[in-house]
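target-v2.csv follows (CSV, C-alpha atoms):
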chain,number,residue,atom,x,y,z
A,1002,MET,CA,42.8,29.0,-164.1
A,1003,ILE,CA,42.3,28.5,-160.4
A,1004,GLU,CA,45.7,27.9,-158.7
A,1005,ALA,CA,46.3,25.9,-155.5
A,1006,ARG,CA,48.2,28.8,-153.9
A,1007,HIS,CA,45.2,31.0,-154.4
A,1008,LEU,CA,42.9,28.4,-152.8
A,1009,ARG,CA,45.2,28.2,-149.7
A,1010,VAL,CA,45.0,31.9,-149.3
A,1011,LEU,CA,41.2,31.9,-149.7
A,1012,ARG,CA,40.8,29.2,-147.1
A,1013,ALA,CA,43.0,31.2,-144.7
A,1014,VAL,CA,40.9,34.4,-145.3
A,1015,ALA,CA,37.7,32.4,-144.7
A,1016,ALA,CA,39.1,30.8,-141.5
A,1017,THR,CA,40.6,34.0,-140.0
A,1018,GLY,CA,38.0,36.6,-141.2
A,1019,SER,CA,40.4,39.2,-142.5
A,1020,PHE,CA,43.3,39.7,-145.0
A,1021,SER,CA,45.7,40.8,-142.2
A,1022,ALA,CA,45.0,37.7,-140.0
A,1023,ALA,CA,45.4,35.5,-143.1
A,1024,ALA,CA,48.7,37.1,-143.9
A,1025,ARG,CA,50.0,36.4,-140.4
A,1026,GLU,CA,48.9,32.8,-140.6
A,1027,LEU,CA,50.5,32.3,-144.0
A,1028,GLY,CA,53.7,34.3,-143.2
A,1029,CYS,CA,53.3,36.8,-146.0
A,1030,THR,CA,52.1,40.4,-146.3
A,1031,GLN,CA,48.6,41.8,-146.4
A,1032,PRO,CA,49.1,43.3,-150.0
A,1033,ALA,CA,50.2,39.8,-151.2
A,1034,VAL,CA,47.0,38.3,-149.8
A,1035,SER,CA,45.0,41.0,-151.5
A,1036,GLN,CA,46.8,40.5,-154.8
A,1037,GLN,CA,46.2,36.8,-154.8
A,1038,MET,CA,42.5,37.2,-153.9
A,1039,LYS,CA,42.1,39.6,-156.9
A,1040,ALA,CA,43.8,37.0,-159.2
A,1041,LEU,CA,41.5,34.3,-157.9
A,1042,GLU,CA,38.4,36.4,-158.4
A,1043,ALA,CA,39.6,37.1,-161.9
A,1044,SER,CA,40.1,33.4,-162.6
A,1045,ALA,CA,36.7,32.6,-161.1
A,1046,GLY,CA,35.0,35.4,-163.0
A,1047,THR,CA,32.9,36.4,-160.0
A,1048,PRO,CA,33.4,38.1,-156.6
A,1049,LEU,CA,34.4,35.7,-153.8
A,1050,LEU,CA,34.7,38.0,-150.9
A,1051,ILE,CA,32.8,41.0,-149.5
A,1052,ARG,CA,34.7,43.5,-147.4
A,1053,THR,CA,32.6,45.7,-145.1
A,1054,GLY,CA,34.8,47.8,-142.8
A,1055,ARG,CA,37.0,45.4,-140.9
A,1056,GLU,CA,34.9,42.4,-141.7
A,1057,THR,CA,35.5,40.0,-144.6
A,1058,ARG,CA,32.9,37.4,-145.6
A,1059,LEU,CA,32.4,35.0,-148.4
A,1060,THR,CA,30.0,35.3,-151.3
A,1061,GLN,CA,28.1,32.2,-152.3
A,1062,ALA,CA,30.7,31.4,-154.9
A,1063,GLY,CA,33.4,31.9,-152.3
A,1064,GLU,CA,31.7,29.4,-150.0
A,1065,VAL,CA,31.6,26.8,-152.8
A,1066,LEU,CA,35.3,27.2,-153.5
A,1067,VAL,CA,36.2,26.9,-149.8
A,1068,ARG,CA,34.0,23.8,-149.5
A,1069,HIS,CA,36.0,22.1,-152.3
A,1070,ALA,CA,39.4,23.6,-151.4
A,1071,SER,CA,40.3,21.0,-148.7
A,1072,GLY,CA,39.8,18.0,-150.9
A,1073,ILE,CA,41.6,19.7,-153.8
A,1074,LEU,CA,44.6,20.6,-151.7
A,1075,ALA,CA,44.8,17.2,-150.1
A,1076,GLY,CA,44.7,15.5,-153.5
A,1077,LEU,CA,47.5,17.9,-154.7
A,1078,THR,CA,49.6,17.1,-151.7
A,1079,ALA,CA,49.1,13.3,-152.3
A,1080,ALA,CA,50.1,13.8,-156.0
A,1081,GLU,CA,53.2,15.8,-155.2
A,1082,GLU,CA,54.4,13.3,-152.6
A,1083,GLU,CA,53.8,10.3,-154.9
A,1084,VAL,CA,55.5,12.0,-157.8
A,1085,ALA,CA,58.5,12.9,-155.6
A,1086,ALA,CA,58.8,9.3,-154.4
A,1087,ILE,CA,58.6,7.9,-157.9
A,1088,ALA,CA,61.3,10.3,-159.0
A,1089,GLY,CA,63.6,8.9,-156.3
A,1090,LEU,CA,63.4,11.8,-153.8
A,1091,ARG,CA,64.2,10.3,-150.4
A,1092,ALA,CA,62.1,12.8,-148.4
A,1093,GLY,CA,58.7,13.1,-147.1
A,1094,ARG,CA,56.5,15.3,-144.8
A,1095,VAL,CA,53.8,14.0,-142.5
A,1096,ARG,CA,51.5,16.1,-140.3
A,1097,LEU,CA,50.2,14.0,-137.4
A,1098,VAL,CA,47.5,14.9,-134.9
A,1099,SER,CA,47.0,12.8,-131.8
A,1100,PHE,CA,45.1,12.8,-128.6
A,1101,PRO,CA,47.3,13.4,-125.5
A,1102,SER,CA,47.6,9.9,-124.1
A,1103,GLY,CA,48.5,8.6,-127.6
A,1104,SER,CA,51.1,11.3,-128.0
A,1105,SER,CA,52.9,10.2,-124.8
A,1106,THR,CA,52.7,6.5,-125.4
A,1107,LEU,CA,52.4,5.3,-129.0
A,1108,VAL,CA,53.8,8.3,-130.9
A,1109,PRO,CA,57.3,8.6,-129.5
A,1110,SER,CA,58.1,4.9,-130.2
A,1111,ALA,CA,56.6,5.1,-133.7
A,1112,LEU,CA,58.5,8.3,-134.7
A,1113,ALA,CA,61.8,7.0,-133.3
A,1114,ALA,CA,61.4,3.9,-135.5
A,1115,LEU,CA,60.3,6.0,-138.5
A,1116,ARG,CA,63.4,8.2,-138.2
A,1117,ALA,CA,65.7,5.2,-138.0
A,1118,ALA,CA,64.2,3.7,-141.1
A,1119,HIS,CA,63.5,6.9,-143.1
A,1120,PRO,CA,65.8,9.7,-141.8
A,1121,GLY,CA,64.6,12.0,-144.5
A,1122,THR,CA,61.0,11.9,-143.4
A,1123,ARG,CA,59.8,14.9,-141.3
A,1124,VAL,CA,56.9,14.6,-139.0
A,1125,SER,CA,55.1,17.4,-137.2
A,1126,LEU,CA,52.8,16.7,-134.2
A,1127,VAL,CA,49.9,18.6,-132.7
A,1128,GLU,CA,47.3,17.5,-130.2
A,1129,ALA,CA,43.6,17.3,-130.5
A,1130,GLU,CA,40.9,15.0,-129.2
A,1131,PRO,CA,38.3,13.4,-131.6
A,1132,PRO,CA,36.1,14.5,-133.2
A,1133,ARG,CA,38.2,17.7,-133.7
A,1134,SER,CA,41.2,15.7,-134.9
A,1135,VAL,CA,39.0,13.9,-137.5
A,1136,GLU,CA,37.7,17.3,-138.6
A,1137,MET,CA,41.3,18.5,-139.0
A,1138,LEU,CA,42.0,15.5,-141.3
A,1139,ARG,CA,39.0,16.2,-143.5
A,1140,GLU,CA,39.8,19.9,-143.6
A,1141,GLY,CA,43.3,19.2,-144.9
A,1142,ASP,CA,45.1,20.4,-141.8
A,1143,CYS,CA,46.9,17.0,-141.1
A,1144,ASP,CA,47.8,13.8,-142.9
A,1145,ILE,CA,47.1,11.3,-140.1
A,1146,ALA,CA,44.8,11.5,-137.1
A,1147,LEU,CA,45.3,9.2,-134.2
A,1148,ALA,CA,41.9,8.8,-132.7
A,1149,PHE,CA,39.6,6.5,-130.7
A,1150,ARG,CA,36.0,5.4,-130.6
A,1151,TYR,CA,33.9,3.5,-128.1
A,1152,GLY,CA,32.1,0.4,-129.6
A,1153,ALA,CA,30.7,0.8,-133.1
A,1154,ALA,CA,28.5,3.8,-132.5
A,1155,THR,CA,30.7,6.1,-134.5
A,1156,ALA,CA,31.9,3.7,-137.2
A,1157,GLU,CA,29.7,5.3,-139.9
A,1158,GLU,CA,31.4,8.7,-139.2
A,1159,TRP,CA,34.6,7.3,-140.7
A,1160,ASP,CA,33.2,5.6,-143.8
A,1161,ASP,CA,35.1,8.1,-146.1
A,1162,LEU,CA,38.4,7.5,-144.4
A,1163,VAL,CA,41.1,4.8,-144.3
A,1164,VAL,CA,40.9,3.2,-140.9
A,1165,ARG,CA,44.0,1.5,-139.5
A,1166,PRO,CA,43.1,-0.4,-136.3
A,1167,LEU,CA,46.0,-0.2,-133.7
A,1168,LEU,CA,44.9,-1.6,-130.3
A,1169,ILE,CA,42.1,-2.0,-127.8
A,1170,ASP,CA,42.5,0.2,-124.8
A,1171,ARG,CA,40.5,-0.9,-121.7
A,1172,LEU,CA,39.3,1.6,-119.2
A,1173,VAL,CA,40.4,1.1,-115.6
A,1174,GLY,CA,39.1,2.5,-112.4
A,1175,LEU,CA,41.2,4.9,-110.3
A,1176,VAL,CA,40.5,5.4,-106.5
A,1177,PRO,CA,42.5,7.2,-103.8
A,1178,ASP,CA,45.0,5.2,-101.7
A,1179,GLY,CA,43.2,4.1,-98.6
A,1180,HIS,CA,39.8,4.0,-100.3
A,1181,ARG,CA,37.5,1.2,-99.2
A,1182,LEU,CA,37.9,-0.5,-102.6
A,1183,ALA,CA,41.6,0.2,-103.2
A,1184,GLU,CA,42.6,-3.4,-102.4
A,1185,SER,CA,39.6,-5.0,-104.2
A,1186,GLY,CA,41.4,-5.8,-107.5
A,1187,THR,CA,38.1,-5.9,-109.4
A,1188,VAL,CA,35.2,-3.5,-108.7
A,1189,ASP,CA,31.6,-3.5,-110.0
A,1190,ILE,CA,31.0,0.1,-111.2
A,1191,ARG,CA,27.8,0.1,-109.2
A,1192,ASP,CA,29.9,0.0,-106.0
A,1193,LEU,CA,31.1,3.5,-107.0
A,1194,ALA,CA,27.5,4.9,-107.5
A,1195,GLU,CA,27.7,7.2,-104.4
A,1196,GLU,CA,31.2,8.4,-105.0
A,1197,PRO,CA,32.1,11.9,-106.4
A,1198,TRP,CA,33.5,11.5,-109.9
A,1199,ILE,CA,36.3,13.2,-111.8
A,1200,ALA,CA,35.6,13.0,-115.6
A,1201,GLY,CA,38.0,13.3,-118.5
A,1202,CYS,CA,37.5,14.6,-122.1
A,1203,PRO,CA,34.0,15.2,-123.5
A,1204,ARG,CA,33.8,12.0,-125.4
A,1205,CYS,CA,35.1,10.0,-122.4
A,1206,ARG,CA,32.7,11.9,-120.2
A,1207,ARG,CA,29.7,10.9,-122.3
A,1208,GLN,CA,30.9,7.3,-122.3
A,1209,LEU,CA,31.2,7.3,-118.5
A,1210,VAL,CA,27.7,8.7,-118.0
A,1211,ASP,CA,26.3,6.1,-120.5
A,1212,VAL,CA,28.0,3.2,-118.7
A,1213,CYS,CA,26.9,4.3,-115.3
A,1214,GLU,CA,23.3,4.9,-116.4
A,1215,GLU,CA,23.2,1.4,-118.0
A,1216,SER,CA,24.3,0.1,-114.5
A,1217,GLY,CA,21.4,2.0,-112.8
A,1218,PHE,CA,22.8,5.3,-111.6
A,1219,THR,CA,23.9,8.7,-112.8
A,1220,PRO,CA,27.4,9.7,-111.7
A,1221,ARG,CA,27.9,12.9,-109.6
A,1222,ILE,CA,30.6,14.6,-111.5
A,1223,ASP,CA,32.4,17.1,-109.3
A,1224,PHE,CA,35.3,17.9,-111.6
A,1225,ALA,CA,35.9,17.5,-115.4
A,1226,THR,CA,39.1,18.1,-117.2
A,1227,ASP,CA,40.8,17.1,-120.5
A,1228,ASP,CA,44.1,16.9,-118.6
A,1229,TYR,CA,44.7,13.3,-117.6
A,1230,PRO,CA,47.5,14.1,-115.1
A,1231,ALA,CA,45.0,16.5,-113.5
A,1232,VAL,CA,42.4,13.8,-113.2
A,1233,ILE,CA,45.0,11.5,-111.5
A,1234,GLY,CA,46.1,14.3,-109.2
A,1235,LEU,CA,42.5,15.0,-108.1
A,1236,VAL,CA,41.9,11.3,-107.4
A,1237,GLY,CA,45.2,11.1,-105.5
A,1238,ALA,CA,44.1,14.1,-103.4
A,1239,GLY,CA,41.1,12.1,-102.3
A,1240,LEU,CA,38.6,14.3,-104.2
A,1241,GLY,CA,36.8,11.5,-106.1
A,1242,VAL,CA,37.1,8.5,-108.3
A,1243,ALA,CA,37.6,8.2,-112.0
A,1244,VAL,CA,37.7,5.8,-115.0
A,1245,LEU,CA,40.6,6.3,-117.3
A,1246,PRO,CA,42.1,4.5,-120.4
A,1247,GLU,CA,45.1,2.3,-119.7
A,1248,LEU,CA,47.1,4.4,-122.1
A,1249,ALA,CA,46.5,7.5,-119.9
A,1250,ILE,CA,47.6,5.6,-116.8
A,1251,ALA,CA,50.7,4.4,-118.6
A,1252,SER,CA,51.7,7.9,-119.4
A,1253,VAL,CA,51.5,9.3,-115.8
A,1254,ARG,CA,52.6,7.9,-112.5
A,1255,PRO,CA,49.4,7.7,-110.4
A,1256,LYS,CA,50.8,9.2,-107.2
A,1257,GLY,CA,48.4,8.8,-104.3
A,1258,ALA,CA,46.0,6.8,-106.4
A,1259,ARG,CA,45.3,3.1,-107.0
A,1260,THR,CA,44.1,1.4,-110.2
A,1261,VAL,CA,41.3,-1.3,-110.1
A,1262,THR,CA,39.7,-3.4,-112.8
A,1263,VAL,CA,36.1,-2.2,-113.4
A,1264,GLU,CA,33.2,-4.4,-114.5
A,1265,PRO,CA,31.4,-4.3,-116.8
A,1266,ALA,CA,34.4,-3.9,-119.1
A,1267,VAL,CA,34.6,-0.7,-121.1
A,1268,GLU,CA,37.0,-0.6,-124.1
A,1269,ARG,CA,37.9,1.9,-126.7
A,1270,GLU,CA,39.5,1.2,-130.1
A,1271,ILE,CA,42.6,3.2,-130.9
A,1272,VAL,CA,43.0,3.8,-134.7
A,1273,ALA,CA,45.0,5.8,-137.1
A,1274,LEU,CA,43.0,7.6,-139.8
A,1275,THR,CA,43.9,9.1,-143.1
A,1276,LEU,CA,42.3,10.1,-146.4
A,1277,PRO,CA,42.3,7.5,-149.3
A,1278,ASP,CA,44.5,9.7,-151.5
A,1279,LEU,CA,47.0,10.3,-148.6
A,1280,ALA,CA,47.2,6.5,-147.8
A,1281,ARG,CA,49.1,6.0,-151.0
A,1282,VAL,CA,51.8,8.6,-150.1
A,1283,PRO,CA,54.9,6.6,-149.1
A,1284,ALA,CA,55.8,8.8,-146.1
A,1285,VAL,CA,52.2,8.5,-144.8
A,1286,ALA,CA,52.1,4.8,-145.3
A,1287,ALA,CA,55.4,4.3,-143.5
A,1288,THR,CA,54.1,6.4,-140.6
A,1289,LEU,CA,51.0,4.3,-140.4
A,1290,ASP,CA,53.1,1.1,-140.3
A,1291,GLN,CA,55.3,2.5,-137.5
A,1292,LEU,CA,52.2,3.4,-135.5
A,1293,ALA,CA,50.9,-0.1,-135.9
A,1294,GLY,CA,54.3,-1.4,-134.8
A,1295,ALA,CA,54.3,0.8,-131.7
A,1296,ALA,CA,50.9,-0.4,-130.8
A,1297,ALA,CA,52.0,-4.0,-131.1
A,1298,ARG,CA,54.9,-3.3,-128.8
A,1299,ASN,CA,52.7,-1.5,-126.2

Using structure tokens, write down the structure that the file contains.
Amino acid sequence: MIEARHLRVLRAVAATGSFSAAARELGCTQPAVSQQMKALEASAGTPLLIRTGRETRLTQAGEVLVRHASGILAGLTAAEEEVAAIAGLRAGRVRLVSFPSGSSTLVPSALAALRAAHPGTRVSLVEAEPPRSVEMLREGDCDIALAFRYGAATAEEWDDLVVRPLLIDRLVGLVPDGHRLAESGTVDIRDLAEEPWIAGCPRCRRQLVDVCEESGFTPRIDFATDDYPAVIGLVGAGLGVAVLPELAIASVRPKGARTVTVEPAVEREIVALTLPDLARVPAVAATLDQLAGAAARN
């Protein structure tokens, strides 16, 4: 019989490339990893790993098991949490991944409310931008992914997930204090066509280029960084202009920079994502509710 603990070890070996690295990730010894892999191969009735010197790679059977492991483990987690809730265990564990501006604006309020309502629920938080955060959800490395999308272009990418809409986040322009358009209030993006640009995360960068090209020009991007405070700092130093989500502006004081409304309007949808099995887990459902509440208060 294939056991879940063996699948977790196999997935760790596949991800890290060696027994010793997998042992470090799992917090156990290398002999323990080796023993569990032998037990899994005995259960499977075929070799799953090939070790050549320091390299460890999967056989075809090993690749099949790893491909199915994430869904199996996510289903088991959902089952364990639901059974515990039915049995009256007032506890829960939620692994949340969020993009940075969501972490600094929506997440704190949501988790404070969750702790007040369900003090036994533990939440861990790591940061990742989509699409990596969505990959983490599908791979079983988190229970909820706070993500965003522009328009409906990526809607089909989430067909297999439970999508909880939270809010619409408009992008605003950011120009240095003293810029010729700093007092304009509303700015046509074409008026910034000759400016040097500072771009954000890769997905936001693509959206910026698309919007500018639809308006008849290609932006000259002098700097690109995933760090929103760095974007604001570069604008404040007079090194260029930028377009950032309102959530990002709300999380950082734009020293030396001025916000302006940009036309045409560009918006992104902020959502919370989870797997269908996990959506029925009480702790996950409660966290989704609190994220929605935080968004409504924003």

Kindly assemble as a Markdown table a list of the stretch 1008-1099 of chain A residues that lie within 7 Å of stretch 1122-1133 of chain A, each paired with its nearest atom pair and their distance in Å to one decimal, using all atoms listed in the file, sorted first by chain and then by ascending residue number.
| residue | atom | partner | partner_atom | distance |
| --- | --- | --- | --- | --- |
| A:Ala1092 | CA | A:Thr1122 | CA | 5.2 |
| A:Gly1093 | CA | A:Thr1122 | CA | 4.5 |
| A:Arg1094 | CA | A:Arg1123 | CA | 4.8 |
| A:Val1095 | CA | A:Val1124 | CA | 4.7 |
| A:Arg1096 | CA | A:Ser1125 | CA | 4.9 |
| A:Leu1097 | CA | A:Leu1126 | CA | 4.9 |
| A:Val1098 | CA | A:Val1127 | CA | 4.9 |
| A:Ser1099 | CA | A:Glu1128 | CA | 5.0 |

Pairwise distance for atom CA of A:Leu1235 and atom CA of A:Ala1249, rounded to one decimal in Å: 14.5 Å

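Distance annotation: of A:Met1038, A:Ile1271, A:Leu1276, A:Ala1024, the residue with the minimal separation from A:Arg1150 is A:Ile1271; atom set is only C-alpha atoms.
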
Of the listed residues A:Ile1199, A:Leu1074, A:Ala1045, A:Ala1296, that which approaches A:Asp1228 most closely, counting only C-alpha atoms: A:Ile1199

Leaving out A:Val1236 and any residue of its chain fewer than 5 positions from it, which residues lie within 9 Å of it when counting only C-alpha atoms, given as a VMD selection string? chain A and resid 1175 to 1178 1198 to 1199 1231 1241 to 1243 1255 1257 to 1259

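Atom CA of A:Arg1281 is found 23.3 Å from atom CA of A:Leu1008.
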
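Using all atoms listed in the file, the set of residues no farther than 12 Å from the position (33.0, 13.0, -124.7) comprises Glu1130, Pro1131, Pro1132, Arg1133, Phe1149, Arg1150, Tyr1151, Ala1200, Gly1201, Cys1202, Pro1203, Arg1204, Cys1205, Arg1206, Arg1207, Gln1208, Leu1209, Val1210, Asp1211, Ala1225, Thr1226 and Asp1227 of chain A.
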
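Closest approach to A:Ala1070 among A:Arg1165, A:Lys1256, A:Arg1191, A:Arg1012 is made by A:Arg1012 (distances from only C-alpha atoms).
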
Considering all atoms listed in the file, can you say which of A:Thr1060, A:Thr1275, A:Asp1161, A:Ser1252 comes closest to A:Pro1109? A:Ser1252

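If you look at atom CA of A:Ala1117 and atom CA of A:Ala1287, they are 11.7 Å away from each other.
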
Around the point (45.1, 2.6, -136.6), in the coordinates given by the file, pick out the residues reaching within 9 Å, counting all atoms listed in the file, and return them as a PyMOL selection string. chain A and resi 1146-1149+1163-1168+1270-1274+1289-1290+1292-1293+1296

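Minimum atom-to-atom distances from A:Leu1279, A:Ala1251, A:Thr1260, A:Gln1291 to A:Thr1106 were compared using all atoms listed in the file, and the lowest value belongs to A:Ala1251.
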
Can you list, as number ranges by chain, every protein, DNA or RNA residue that comes within 10 Å of A:Val1267 when you count only C-alpha atoms, leaving out same-chain residues fewer than 5 positions away? A: 1151-1152, 1170-1173, 1208-1209, 1212, 1244-1246

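Among A:Val1253, A:Leu1182, A:Leu1248, A:Ala1079, the residue with the shortest atom-to-atom distance to A:Val1285, counting only C-alpha atoms, is A:Ala1079.
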